[in-house]
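What follows is a single structure, written as structure tokens, with notes after it.
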Amino acid sequence: MERDEDAKKKLLHKDEEEELSLMKRVWEESKLMWVVAGPAIFTRFSTFGIQIISQAFVGHIGSKELAAYSLVFTVLVRFVNGILLGMASALATLCGQAFGAKDYGQMGVYLQRSWIVLTLTTFILLPIFIFTTPILIILGQDETISQIAGTVGYWAIPILFSFIASFTCQTFLQSQSKNTIIAFLAAFSLSIHILLSWLLTNKLKFGLSGAMMSTCLALWIPNIGQLIYITCGWCSTTWKGFTFLAFKDLWPVIKLSLSSGIMLCLELWYNTILILLTGNMENAEIQIDALSICLNINGWEMMISLGFFAAASVRVANELGKGSAKGAKFAVNMVVLTSFTIGFLLFLFFLFFREKLAYIFTTNEDVANAVGDLSPLLAVSILLNSVQPVLSGVAIGAGWQSTVAYVNLGCYYIIGVPVGVVLGNVFHLQVKGIWIGMLFGTLIQTIILLIISYKTDWDKQVTITRNHRSKWSKVEPDHEIVSSDN
């Protein structure tokens, strides 16, 4: 009897220890996750806010100026943004895994290689903004608006180059969990932008040029701050100065960047297709207004999801680089569950308030009713967005970009878009049909990514990561540094 009681006590004690150990792991992983996710969410809100503020000031200049600004930013800038952001995400794989492996000296080389690849890509994309007016006229846009858009296009060139520094420096710092400086610079930039926009457009009457000048400065100020922070001593372990090694062995980085670019472009252009298809529906004006309100709300919510996207890529890459299969798997579970919980709460919120939210953006009752009709789809979209971008972040952290690019192509454009067109036009569900089709594609993609993550042999993934790093990492001994101080 005494032996049985002792055995029960030991078993109970062991269970308590395992429970405490699990709680400790959850707490530690939550801290590591939020160190990346928190500032990333705030930074994305601030950057998104810069565009919204610019749009508001341009809207007060004139309706044609607003139309021109909207055309350039929602079509051309978004197109280029998708390519450069996607290609820059390759750096998250490289730097995240290098930091986990304590190969700190290699990170600065990766950063410089990414600068080279993105700069070359930007010069290739430059004609889009030099020839904005003729491009928009060929696409059938109003000639007067296209002429004004040409001016906006010229002003967008510095913004185009700002993406190079912004995407790469943020990724470099996030990989080391040095995010406070990013959030601080984003908040400072947003404050300056509000002041400059008022001064240049309202006070000094510079009009469209004033608004664009303020936008350029607002996007470059944090870049300059981040570059100074990286190169002037605050990242002494991971930045060892400029080196010609950055020009060597560029092909593996180019291949990974292209895979990343294709993967994210296919996601980021998805909503643009939704709006283009809606333009051919009956009562297109009300439908587009209602859809724009829903996508605007969805866009703000996506800033949260993209914060967890960054956290997933950093945490998975760090753990794989460290050689910890259990740590990588646990990080995936934690970030997916946390993001899904927040998404589920928002799902309930938007499902409950429905058309009431529309009156924040419009006084038109028909548009508000249309928003209420679309609200269940908005709520489902928000729920899916709480998981899908996080799984894309896991893919980037693990280096699965090529695989996910094929998944995105199949789910979004071979399944989602055709189903949406059929439901919208053949079954006459209008914009609801198109959106249902798009959500169906996203659901299939999310399920496939969940299966891939669940079926992954993380021990094998550690070996694959080590082999990939040996290909990516070719640094002379003088440039290598192994240190645990950071």
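Residue numbering restarts at 1 in every chain; chains get A, B, ... in the order shown in the structure tokens, and ligands count up from 1 in that same order.
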Fewer than 3 positions away in the same chain doesn't count, so skip those; otherwise give me all residues within 12 Å of Phe309 (chain A), counting only C-alpha atoms, as an mmCIF file with N, CA, C and O atoms, in the first residue's frame.
```cif
data_model
loop_
_atom_site.group_PDB
_atom_site.id
_atom_site.type_symbol
_atom_site.label_atom_id
_atom_site.label_comp_id
_atom_site.auth_asym_id
_atom_site.auth_seq_id
_atom_site.Cartn_x
_atom_site.Cartn_y
_atom_site.Cartn_z
ATOM 1 N N MET A 33 8.080 35.728 -28.930
ATOM 2 C CA MET A 33 7.181 35.999 -30.047
ATOM 3 C C MET A 33 6.725 37.455 -30.055
ATOM 4 O O MET A 33 6.772 38.134 -31.089
ATOM 5 N N TRP A 34 6.291 37.964 -28.898
ATOM 6 C CA TRP A 34 5.758 39.326 -28.834
ATOM 7 C C TRP A 34 6.845 40.387 -28.977
ATOM 8 O O TRP A 34 6.554 41.513 -29.402
ATOM 9 N N VAL A 36 8.967 40.354 -31.226
ATOM 10 C CA VAL A 36 8.958 40.596 -32.677
ATOM 11 C C VAL A 36 7.597 41.111 -33.130
ATOM 12 O O VAL A 36 7.491 42.114 -33.831
ATOM 13 N N ALA A 37 6.515 40.413 -32.718
ATOM 14 C CA ALA A 37 5.173 40.715 -33.229
ATOM 15 C C ALA A 37 4.674 42.097 -32.823
ATOM 16 O O ALA A 37 4.104 42.825 -33.651
ATOM 17 N N GLY A 38 4.872 42.484 -31.561
ATOM 18 C CA GLY A 38 4.360 43.765 -31.061
ATOM 19 C C GLY A 38 4.865 44.965 -31.862
ATOM 20 O O GLY A 38 4.067 45.708 -32.461
ATOM 21 N N ALA A 40 6.361 44.921 -34.709
ATOM 22 C CA ALA A 40 6.062 44.725 -36.141
ATOM 23 C C ALA A 40 4.642 45.181 -36.460
ATOM 24 O O ALA A 40 4.402 45.818 -37.492
ATOM 25 N N ILE A 41 3.692 44.859 -35.578
ATOM 26 C CA ILE A 41 2.300 45.294 -35.768
ATOM 27 C C ILE A 41 2.209 46.816 -35.729
ATOM 28 O O ILE A 41 1.588 47.446 -36.589
ATOM 29 N N ARG A 44 3.739 48.418 -38.866
ATOM 30 C CA ARG A 44 2.897 48.265 -40.051
ATOM 31 C C ARG A 44 1.679 49.184 -39.980
ATOM 32 O O ARG A 44 1.251 49.723 -40.986
ATOM 33 N N SER A 89 11.888 39.190 -48.357
ATOM 34 C CA SER A 89 11.581 38.197 -47.323
ATOM 35 C C SER A 89 12.569 37.034 -47.330
ATOM 36 O O SER A 89 12.674 36.292 -46.355
ATOM 37 N N ALA A 92 14.807 37.199 -44.467
ATOM 38 C CA ALA A 92 14.313 36.678 -43.189
ATOM 39 C C ALA A 92 14.772 35.239 -42.980
ATOM 40 O O ALA A 92 15.134 34.843 -41.862
ATOM 41 N N THR A 171 13.983 43.627 -41.660
ATOM 42 C CA THR A 171 14.168 42.178 -41.570
ATOM 43 C C THR A 171 15.456 41.847 -40.830
ATOM 44 O O THR A 171 15.491 40.946 -39.977
ATOM 45 N N GLN A 174 14.818 42.645 -37.141
ATOM 46 C CA GLN A 174 13.844 41.717 -36.568
ATOM 47 C C GLN A 174 14.458 40.345 -36.316
ATOM 48 O O GLN A 174 14.126 39.682 -35.334
ATOM 49 N N LEU A 264 5.003 35.694 -52.313
ATOM 50 C CA LEU A 264 4.256 36.776 -51.679
ATOM 51 C C LEU A 264 3.459 37.605 -52.690
ATOM 52 O O LEU A 264 2.383 38.100 -52.369
ATOM 53 N N MET A 302 -5.132 43.160 -41.321
ATOM 54 C CA MET A 302 -3.983 42.446 -41.880
ATOM 55 C C MET A 302 -2.666 42.909 -41.288
ATOM 56 O O MET A 302 -1.683 42.165 -41.267
ATOM 57 N N MET A 303 -2.643 44.155 -40.787
ATOM 58 C CA MET A 303 -1.417 44.646 -40.148
ATOM 59 C C MET A 303 -1.073 43.798 -38.918
ATOM 60 O O MET A 303 0.098 43.565 -38.619
ATOM 61 N N ILE A 304 -2.114 43.334 -38.209
ATOM 62 C CA ILE A 304 -1.902 42.439 -37.063
ATOM 63 C C ILE A 304 -1.366 41.103 -37.545
ATOM 64 O O ILE A 304 -0.379 40.572 -37.012
ATOM 65 N N SER A 305 -2.006 40.561 -38.581
ATOM 66 C CA SER A 305 -1.582 39.266 -39.122
ATOM 67 C C SER A 305 -0.149 39.322 -39.642
ATOM 68 O O SER A 305 0.621 38.381 -39.455
ATOM 69 N N LEU A 306 0.217 40.442 -40.294
ATOM 70 C CA LEU A 306 1.569 40.577 -40.825
ATOM 71 C C LEU A 306 2.599 40.707 -39.702
ATOM 72 O O LEU A 306 3.765 40.347 -39.880
ATOM 73 N N ALA A 312 6.541 34.701 -36.869
ATOM 74 C CA ALA A 312 6.666 33.290 -37.261
ATOM 75 C C ALA A 312 7.958 33.048 -38.034
ATOM 76 O O ALA A 312 8.686 32.084 -37.763
ATOM 77 N N SER A 313 8.249 33.928 -38.994
ATOM 78 C CA SER A 313 9.452 33.736 -39.812
ATOM 79 C C SER A 313 10.723 33.838 -38.962
ATOM 80 O O SER A 313 11.652 33.045 -39.124
ATOM 81 N N VAL A 314 10.751 34.806 -38.032
ATOM 82 C CA VAL A 314 11.931 34.996 -37.183
ATOM 83 C C VAL A 314 12.104 33.837 -36.204
ATOM 84 O O VAL A 314 13.189 33.255 -36.093
ATOM 85 N N ARG A 315 11.019 33.463 -35.512
ATOM 86 C CA ARG A 315 11.134 32.419 -34.488
ATOM 87 C C ARG A 315 11.493 31.061 -35.096
ATOM 88 O O ARG A 315 12.345 30.345 -34.578
ATOM 89 N N VAL A 316 10.847 30.701 -36.211
ATOM 90 C CA VAL A 316 11.141 29.411 -36.848
ATOM 91 C C VAL A 316 12.573 29.393 -37.388
ATOM 92 O O VAL A 316 13.309 28.420 -37.200
ATOM 93 N N VAL A 332 5.980 27.337 -33.883
ATOM 94 C CA VAL A 332 4.888 27.308 -34.869
ATOM 95 C C VAL A 332 3.544 27.211 -34.158
ATOM 96 O O VAL A 332 2.611 27.977 -34.451
ATOM 97 N N VAL A 335 2.659 30.627 -32.186
ATOM 98 C CA VAL A 335 2.313 31.809 -32.979
ATOM 99 C C VAL A 335 0.994 31.594 -33.722
ATOM 100 O O VAL A 335 0.177 32.530 -33.838
ATOM 101 N N VAL A 336 0.741 30.373 -34.198
ATOM 102 C CA VAL A 336 -0.522 30.091 -34.888
ATOM 103 C C VAL A 336 -1.695 30.201 -33.915
ATOM 104 O O VAL A 336 -2.723 30.834 -34.222
ATOM 105 N N THR A 338 -1.872 31.860 -31.029
ATOM 106 C CA THR A 338 -2.039 33.245 -30.557
ATOM 107 C C THR A 338 -2.743 34.099 -31.607
ATOM 108 O O THR A 338 -3.707 34.816 -31.312
ATOM 109 N N SER A 339 -2.277 34.003 -32.851
ATOM 110 C CA SER A 339 -2.880 34.791 -33.928
ATOM 111 C C SER A 339 -4.321 34.361 -34.176
ATOM 112 O O SER A 339 -5.202 35.198 -34.387
ATOM 113 N N ASN A 385 -7.393 35.059 -42.321
ATOM 114 C CA ASN A 385 -6.175 35.875 -42.327
ATOM 115 C C ASN A 385 -5.386 35.772 -41.027
ATOM 116 O O ASN A 385 -4.211 36.143 -40.985
ATOM 117 N N SER A 386 -6.034 35.292 -39.970
ATOM 118 C CA SER A 386 -5.324 35.139 -38.700
ATOM 119 C C SER A 386 -4.421 33.907 -38.704
ATOM 120 O O SER A 386 -3.558 33.769 -37.841
ATOM 121 N N VAL A 387 -4.621 33.014 -39.676
ATOM 122 C CA VAL A 387 -3.823 31.781 -39.751
ATOM 123 C C VAL A 387 -2.928 31.760 -40.984
ATOM 124 O O VAL A 387 -1.736 31.469 -40.905
ATOM 125 N N GLN A 388 -3.507 32.118 -42.146
ATOM 126 C CA GLN A 388 -2.802 31.950 -43.424
ATOM 127 C C GLN A 388 -1.474 32.732 -43.502
ATOM 128 O O GLN A 388 -0.438 32.149 -43.857
ATOM 129 N N PRO A 389 -1.425 34.047 -43.173
ATOM 130 C CA PRO A 389 -0.144 34.747 -43.248
ATOM 131 C C PRO A 389 0.899 34.188 -42.272
ATOM 132 O O PRO A 389 2.091 34.212 -42.565
ATOM 133 N N VAL A 390 0.429 33.712 -41.118
ATOM 134 C CA VAL A 390 1.350 33.138 -40.131
ATOM 135 C C VAL A 390 2.030 31.901 -40.715
ATOM 136 O O VAL A 390 3.235 31.700 -40.558
ATOM 137 N N LEU A 391 1.248 31.063 -41.403
ATOM 138 C CA LEU A 391 1.812 29.862 -42.027
ATOM 139 C C LEU A 391 2.779 30.237 -43.154
ATOM 140 O O LEU A 391 3.774 29.539 -43.385
ATOM 141 N N SER A 392 2.503 31.349 -43.851
ATOM 142 C CA SER A 392 3.453 31.846 -44.854
ATOM 143 C C SER A 392 4.750 32.286 -44.183
ATOM 144 O O SER A 392 5.839 32.084 -44.729
ATOM 145 N N GLY A 393 4.628 32.877 -42.991
ATOM 146 C CA GLY A 393 5.812 33.254 -42.217
ATOM 147 C C GLY A 393 6.617 32.032 -41.807
ATOM 148 O O GLY A 393 7.855 32.051 -41.835
ATOM 149 N N VAL A 394 5.927 30.954 -41.421
ATOM 150 C CA VAL A 394 6.601 29.687 -41.088
ATOM 151 C C VAL A 394 7.369 29.182 -42.303
ATOM 152 O O VAL A 394 8.520 28.733 -42.191
ATOM 153 N N ALA A 395 6.729 29.273 -43.485
ATOM 154 C CA ALA A 395 7.370 28.817 -44.727
ATOM 155 C C ALA A 395 8.647 29.603 -45.016
ATOM 156 O O ALA A 395 9.660 29.029 -45.429
ATOM 157 N N ILE A 396 8.617 30.921 -44.784
ATOM 158 C CA ILE A 396 9.797 31.753 -45.012
ATOM 159 C C ILE A 396 10.894 31.401 -44.006
ATOM 160 O O ILE A 396 12.064 31.286 -44.356
ATOM 161 N N GLY A 397 10.502 31.217 -42.742
ATOM 162 C CA GLY A 397 11.484 30.851 -41.722
ATOM 163 C C GLY A 397 12.166 29.529 -42.025
ATOM 164 O O GLY A 397 13.357 29.352 -41.755
#
```
Item to check | Exercise: Phe353 (chain A) partners within 12 Å, only C-alpha atoms, chain neighbours under 6 positions left out, as a PyMOL selection string | outcome: chain A and resi 346-347+359-360+368+371-376+378-379
Could those selected residues go to a file with N, CA, C and O atoms, as a compact mmCIF listing (two decimals), in the first residue's frame?
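And here's part-v8.txt as it stands now:
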```txt
# COMPACT_ATOMS: atom_id res chain seq x y z
N LEU A 346 -11.92 38.94 -33.26
CA LEU A 346 -12.30 39.94 -34.28
C LEU A 346 -13.40 39.39 -35.19
O LEU A 346 -14.27 40.15 -35.64
N PHE A 347 -13.37 38.11 -35.48
CA PHE A 347 -14.41 37.45 -36.27
C PHE A 347 -15.78 37.65 -35.62
O PHE A 347 -16.75 38.04 -36.27
N TYR A 359 -21.07 52.97 -41.31
CA TYR A 359 -21.37 54.40 -41.12
C TYR A 359 -20.17 55.20 -40.64
O TYR A 359 -20.21 56.43 -40.61
N ILE A 360 -19.10 54.52 -40.26
CA ILE A 360 -17.85 55.22 -39.96
C ILE A 360 -17.27 55.79 -41.25
O ILE A 360 -16.64 56.84 -41.25
N ALA A 368 -24.16 51.08 -46.91
CA ALA A 368 -24.12 50.48 -45.58
C ALA A 368 -24.80 49.11 -45.57
O ALA A 368 -24.30 48.15 -44.96
N VAL A 371 -22.57 46.67 -47.21
CA VAL A 371 -21.50 46.27 -46.29
C VAL A 371 -22.03 45.24 -45.29
O VAL A 371 -21.36 44.24 -44.99
N GLY A 372 -23.24 45.47 -44.77
CA GLY A 372 -23.85 44.52 -43.84
C GLY A 372 -24.03 43.15 -44.48
O GLY A 372 -23.84 42.11 -43.84
N ASP A 373 -24.38 43.16 -45.77
CA ASP A 373 -24.56 41.91 -46.50
C ASP A 373 -23.22 41.17 -46.69
O ASP A 373 -23.18 39.94 -46.71
N LEU A 374 -22.14 41.95 -46.81
CA LEU A 374 -20.81 41.37 -47.00
C LEU A 374 -20.09 41.05 -45.70
O LEU A 374 -19.06 40.36 -45.71
N SER A 375 -20.62 41.55 -44.57
CA SER A 375 -19.94 41.41 -43.28
C SER A 375 -19.61 39.96 -42.88
O SER A 375 -18.53 39.71 -42.35
N PRO A 376 -20.53 38.99 -43.11
CA PRO A 376 -20.15 37.60 -42.79
C PRO A 376 -18.91 37.14 -43.55
O PRO A 376 -18.06 36.43 -43.00
N LEU A 378 -16.55 39.19 -44.65
CA LEU A 378 -15.45 39.93 -44.05
C LEU A 378 -14.97 39.22 -42.79
O LEU A 378 -13.76 39.07 -42.56
N ALA A 379 -15.93 38.77 -41.96
CA ALA A 379 -15.59 38.09 -40.71
C ALA A 379 -14.82 36.79 -40.99
O ALA A 379 -13.81 36.50 -40.33
```
Checklist entry - Given the choices A:Phe73, A:Phe79, A:Phe206, A:Phe330, which gets closest to Glu28 (chain A) if the distance is worked out from only C-alpha atoms? => result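 Among the listed residues, the smallest separation from Glu28 (chain A) belongs to A:Phe330.
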Checklist outcome for this item: As a check of understanding: the span from CA of Leu71 (chain A) to CA of Ser146 (chain A) is 8.7 Å
Checklist entry - So which residues of region 122-330 of chain A fall under helix (DSSP H, G or I) by DSSP, listed as a ChimeraX atom specification? => result /A:122-125,127-130,132-138,143-174,180-203,207-231,244-247,250-268,270-278,284-322,325-330
Item to check | Of the listed residues A:Ala290, A:Leu449, A:Ile230, A:Ala325, that which approaches Trp400 (chain A) most closely, counting only C-alpha atoms | outcome: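 Comparing A:Ala290, A:Leu449, A:Ile230, A:Ala325 against Trp400 (chain A), the winner is A:Leu449.
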Next on the checklist: Please report the interatomic distance between CA of Gly323 (chain A) and CA of Gly241 (chain A) in Å with one decimal.
Outcome noted: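 Value for the CA of Gly323 (chain A)-CA of Gly241 (chain A) distance: 27.5 Å.
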Next on the checklist: What's the separation between CA of Ala90 (chain A) and CA of Ser260 (chain A), in Å to one decimal place?
Outcome noted: 5.8 Å
Next on the checklist: When you look at Leu377 (chain A) with a cut-off of 9 Å (counting only C-alpha atoms), what residues show up, excluding the ones that are within fewer than 3 positions of it in the same chain? I need them as a list of chain:residue names.
Outcome noted: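 Once the nearby chain positions are removed, what remains is A:Leu351, A:Asp373, A:Leu374, A:Val380, A:Ser381, A:Ile382, A:Lys432, A:Trp435, A:Ile436, A:Leu439.
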Using the selection just defined, write its residues with all heavy atoms as a JSON list (two decimals), in the first residue's frame.
```
[["chain", "number", "residue", "atom", "x", "y", "z"],
["A", 351, "LEU", "N", -18.83, 40.10, -37.04],
["A", 351, "LEU", "CA", -20.06, 39.37, -37.32],
["A", 351, "LEU", "C", -21.24, 40.00, -36.57],
["A", 351, "LEU", "O", -22.37, 40.02, -37.07],
["A", 351, "LEU", "CB", -19.89, 37.91, -36.89],
["A", 351, "LEU", "CG", -20.79, 36.86, -37.57],
["A", 351, "LEU", "CD1", -20.59, 36.87, -39.07],
["A", 351, "LEU", "CD2", -20.50, 35.48, -36.99],
["A", 373, "ASP", "N", -24.38, 43.16, -45.77],
["A", 373, "ASP", "CA", -24.56, 41.91, -46.50],
["A", 373, "ASP", "C", -23.22, 41.17, -46.69],
["A", 373, "ASP", "O", -23.18, 39.94, -46.71],
["A", 373, "ASP", "CB", -25.17, 42.23, -47.87],
["A", 373, "ASP", "CG", -25.80, 41.01, -48.52],
["A", 373, "ASP", "OD1", -26.35, 40.16, -47.77],
["A", 373, "ASP", "OD2", -25.73, 40.88, -49.75],
["A", 374, "LEU", "N", -22.14, 41.95, -46.81],
["A", 374, "LEU", "CA", -20.81, 41.37, -47.00],
["A", 374, "LEU", "C", -20.09, 41.05, -45.70],
["A", 374, "LEU", "O", -19.06, 40.36, -45.71],
["A", 374, "LEU", "CB", -19.93, 42.32, -47.83],
["A", 374, "LEU", "CG", -20.31, 42.54, -49.29],
["A", 374, "LEU", "CD1", -19.43, 43.63, -49.89],
["A", 374, "LEU", "CD2", -20.17, 41.26, -50.09],
["A", 380, "VAL", "N", -15.28, 36.01, -41.98],
["A", 380, "VAL", "CA", -14.59, 34.77, -42.35],
["A", 380, "VAL", "C", -13.20, 35.07, -42.90],
["A", 380, "VAL", "O", -12.22, 34.37, -42.61],
["A", 380, "VAL", "CB", -15.42, 33.98, -43.38],
["A", 380, "VAL", "CG1", -14.63, 32.78, -43.90],
["A", 380, "VAL", "CG2", -16.72, 33.50, -42.76],
["A", 381, "SER", "N", -13.11, 36.14, -43.70],
["A", 381, "SER", "CA", -11.82, 36.56, -44.26],
["A", 381, "SER", "C", -10.83, 36.90, -43.15],
["A", 381, "SER", "O", -9.66, 36.50, -43.20],
["A", 381, "SER", "CB", -12.02, 37.77, -45.18],
["A", 381, "SER", "OG", -10.80, 38.18, -45.73],
["A", 382, "ILE", "N", -11.29, 37.61, -42.13],
["A", 382, "ILE", "CA", -10.45, 37.98, -41.00],
["A", 382, "ILE", "C", -9.99, 36.74, -40.25],
["A", 382, "ILE", "O", -8.83, 36.63, -39.82],
["A", 382, "ILE", "CB", -11.19, 38.96, -40.07],
["A", 382, "ILE", "CG1", -11.25, 40.35, -40.72],
["A", 382, "ILE", "CG2", -10.55, 39.03, -38.69],
["A", 382, "ILE", "CD1", -12.16, 41.33, -40.01],
["A", 432, "LYS", "N", -20.56, 38.98, -53.86],
["A", 432, "LYS", "CA", -20.51, 37.91, -52.86],
["A", 432, "LYS", "C", -19.96, 36.62, -53.46],
["A", 432, "LYS", "O", -19.16, 35.91, -52.83],
["A", 432, "LYS", "CB", -21.91, 37.66, -52.28],
["A", 432, "LYS", "CG", -22.40, 38.74, -51.34],
["A", 432, "LYS", "CD", -23.80, 38.46, -50.85],
["A", 432, "LYS", "CE", -23.82, 37.30, -49.88],
["A", 432, "LYS", "NZ", -25.18, 37.09, -49.32],
["A", 435, "TRP", "N", -16.19, 36.96, -53.93],
["A", 435, "TRP", "CA", -15.49, 36.89, -52.64],
["A", 435, "TRP", "C", -15.51, 35.47, -52.07],
["A", 435, "TRP", "O", -14.52, 35.00, -51.51],
["A", 435, "TRP", "CB", -16.11, 37.88, -51.66],
["A", 435, "TRP", "CG", -15.16, 38.28, -50.55],
["A", 435, "TRP", "CD1", -13.98, 37.69, -50.23],
["A", 435, "TRP", "CD2", -15.32, 39.36, -49.64],
["A", 435, "TRP", "NE1", -13.37, 38.33, -49.17],
["A", 435, "TRP", "CE2", -14.19, 39.36, -48.79],
["A", 435, "TRP", "CE3", -16.31, 40.32, -49.45],
["A", 435, "TRP", "CZ2", -14.03, 40.28, -47.77],
["A", 435, "TRP", "CZ3", -16.13, 41.23, -48.43],
["A", 435, "TRP", "CH2", -15.02, 41.23, -47.60],
["A", 436, "ILE", "N", -16.65, 34.78, -52.20],
["A", 436, "ILE", "CA", -16.73, 33.40, -51.73],
["A", 436, "ILE", "C", -15.70, 32.53, -52.45],
["A", 436, "ILE", "O", -15.01, 31.70, -51.83],
["A", 436, "ILE", "CB", -18.16, 32.82, -51.94],
["A", 436, "ILE", "CG1", -19.14, 33.49, -50.97],
["A", 436, "ILE", "CG2", -18.18, 31.31, -51.72],
["A", 436, "ILE", "CD1", -20.60, 33.20, -51.27],
["A", 439, "LEU", "N", -12.28, 33.36, -51.06],
["A", 439, "LEU", "CA", -12.13, 32.78, -49.73],
["A", 439, "LEU", "C", -11.95, 31.27, -49.80],
["A", 439, "LEU", "O", -11.21, 30.68, -49.00],
["A", 439, "LEU", "CB", -13.34, 33.11, -48.85],
["A", 439, "LEU", "CG", -13.46, 34.56, -48.37],
["A", 439, "LEU", "CD1", -14.75, 34.76, -47.59],
["A", 439, "LEU", "CD2", -12.26, 34.95, -47.50]]
```
Item to check | Contacts of region 153-156 of chain A within 10 Å, only C-alpha atoms, excl. fewer than 5 positions in-chain, as a ChimeraX atom specification | outcome: /A:68-69,71-73,76-77,126-133,146-148,161-162,208-209,211-213,215-216
Next on the checklist: So, with only C-alpha atoms as the atoms that count, which of A:Lys203, A:Lys64, A:Arg25, A:Lys248 lies closest to Val109 (chain A)?
Outcome noted: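 Of the candidates, the smallest distance to Val109 (chain A) is held by A:Lys248.
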Next on the checklist: When you look at Ser214 (chain A) with a cut-off of 9 Å (counting only C-alpha atoms), what residues show up, excluding the ones that are within fewer than 6 positions of it in the same chain? I need them as a list in words.
Outcome noted: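 Close residues of Ser214 (chain A): Ser54, Ile192, His193, Ile194, Leu195, Leu196, Ser197 and Leu200 of chain A.
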Using only all heavy atoms, please write the residues we just selected to a file, as a compact mmCIF listing (two decimals), in the first residue's frame.
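See part.txt below for the written result:
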```
# COMPACT_ATOMS: atom_id res chain seq x y z
N SER A 54 -1.75 60.61 -46.30
CA SER A 54 -1.45 61.22 -47.61
C SER A 54 -2.70 61.26 -48.48
O SER A 54 -3.00 62.27 -49.12
CB SER A 54 -0.35 60.41 -48.33
OG SER A 54 0.84 60.43 -47.60
N ILE A 192 5.85 63.28 -37.83
CA ILE A 192 6.44 64.26 -38.74
C ILE A 192 5.59 64.40 -40.01
O ILE A 192 5.40 65.49 -40.54
CB ILE A 192 7.89 63.85 -39.12
CG1 ILE A 192 8.82 63.99 -37.91
CG2 ILE A 192 8.41 64.65 -40.29
CD1 ILE A 192 9.05 65.41 -37.45
N HIS A 193 5.06 63.27 -40.47
CA HIS A 193 4.28 63.26 -41.71
C HIS A 193 3.00 64.10 -41.56
O HIS A 193 2.64 64.84 -42.48
CB HIS A 193 3.91 61.82 -42.07
CG HIS A 193 3.15 61.71 -43.35
ND1 HIS A 193 3.55 62.31 -44.53
CD2 HIS A 193 2.00 61.06 -43.66
CE1 HIS A 193 2.69 62.03 -45.49
NE2 HIS A 193 1.73 61.28 -44.98
N ILE A 194 2.34 63.97 -40.44
CA ILE A 194 1.11 64.75 -40.21
C ILE A 194 1.44 66.25 -40.24
O ILE A 194 0.75 67.04 -40.90
CB ILE A 194 0.47 64.38 -38.86
CG1 ILE A 194 -0.01 62.92 -38.90
CG2 ILE A 194 -0.70 65.30 -38.54
CD1 ILE A 194 -0.43 62.37 -37.55
N LEU A 195 2.52 66.63 -39.55
CA LEU A 195 2.92 68.04 -39.50
C LEU A 195 3.33 68.56 -40.87
O LEU A 195 2.89 69.64 -41.31
CB LEU A 195 4.08 68.20 -38.50
CG LEU A 195 4.67 69.61 -38.35
CD1 LEU A 195 3.61 70.58 -37.82
CD2 LEU A 195 5.89 69.59 -37.43
N LEU A 196 4.17 67.79 -41.57
CA LEU A 196 4.66 68.22 -42.88
C LEU A 196 3.54 68.28 -43.92
O LEU A 196 3.50 69.19 -44.75
CB LEU A 196 5.76 67.27 -43.37
CG LEU A 196 7.16 67.49 -42.81
CD1 LEU A 196 8.12 66.42 -43.33
CD2 LEU A 196 7.69 68.88 -43.16
N SER A 197 2.62 67.33 -43.87
CA SER A 197 1.51 67.32 -44.82
C SER A 197 0.65 68.57 -44.65
O SER A 197 0.26 69.21 -45.64
CB SER A 197 0.63 66.06 -44.60
OG SER A 197 1.35 64.90 -44.91
N LEU A 200 2.93 71.69 -45.85
CA LEU A 200 3.23 71.79 -47.28
C LEU A 200 1.98 71.90 -48.15
O LEU A 200 2.01 72.56 -49.19
CB LEU A 200 4.06 70.58 -47.73
CG LEU A 200 5.46 70.47 -47.10
CD1 LEU A 200 6.12 69.15 -47.48
CD2 LEU A 200 6.34 71.64 -47.55
```
Next on the checklist: List the spatial neighbours of Leu118 (chain A) as a ChimeraX atom specification - criterion: any atom at most 8 Å away, only C-alpha atoms, same-chain residues fewer than 3 positions off excluded.
Outcome noted: /A:84,87-88,114-115,121-122,164
Next, the residues of the selection above should be written as a compact mmCIF listing (two decimals), in the first residue's frame with N, CA, C and O atoms.
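To be explicit, this is the file written out as result-v2.txt:
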```txt
# COMPACT_ATOMS: atom_id res chain seq x y z
N LEU A 84 9.06 43.60 -54.37
CA LEU A 84 10.22 43.90 -53.52
C LEU A 84 10.07 43.32 -52.11
O LEU A 84 11.04 42.81 -51.54
N MET A 87 10.74 39.58 -52.41
CA MET A 87 12.16 39.28 -52.59
C MET A 87 12.96 39.57 -51.32
O MET A 87 13.90 38.84 -50.99
N ALA A 88 12.57 40.62 -50.60
CA ALA A 88 13.27 40.95 -49.35
C ALA A 88 13.02 39.91 -48.27
O ALA A 88 13.83 39.75 -47.35
N SER A 114 21.36 41.28 -50.27
CA SER A 114 19.95 41.61 -50.50
C SER A 114 19.81 43.01 -51.08
O SER A 114 18.97 43.25 -51.96
N TRP A 115 20.62 43.95 -50.59
CA TRP A 115 20.61 45.31 -51.16
C TRP A 115 20.93 45.28 -52.65
O TRP A 115 20.29 45.96 -53.45
N THR A 121 16.70 44.86 -59.10
CA THR A 121 15.27 44.66 -59.40
C THR A 121 14.54 45.99 -59.53
O THR A 121 13.70 46.17 -60.42
N THR A 122 14.86 46.93 -58.65
CA THR A 122 14.22 48.25 -58.65
C THR A 122 14.50 49.00 -59.95
O THR A 122 13.60 49.64 -60.52
N ILE A 164 13.68 49.40 -50.62
CA ILE A 164 14.90 48.58 -50.53
C ILE A 164 15.44 48.62 -49.11
O ILE A 164 15.66 47.58 -48.47
```
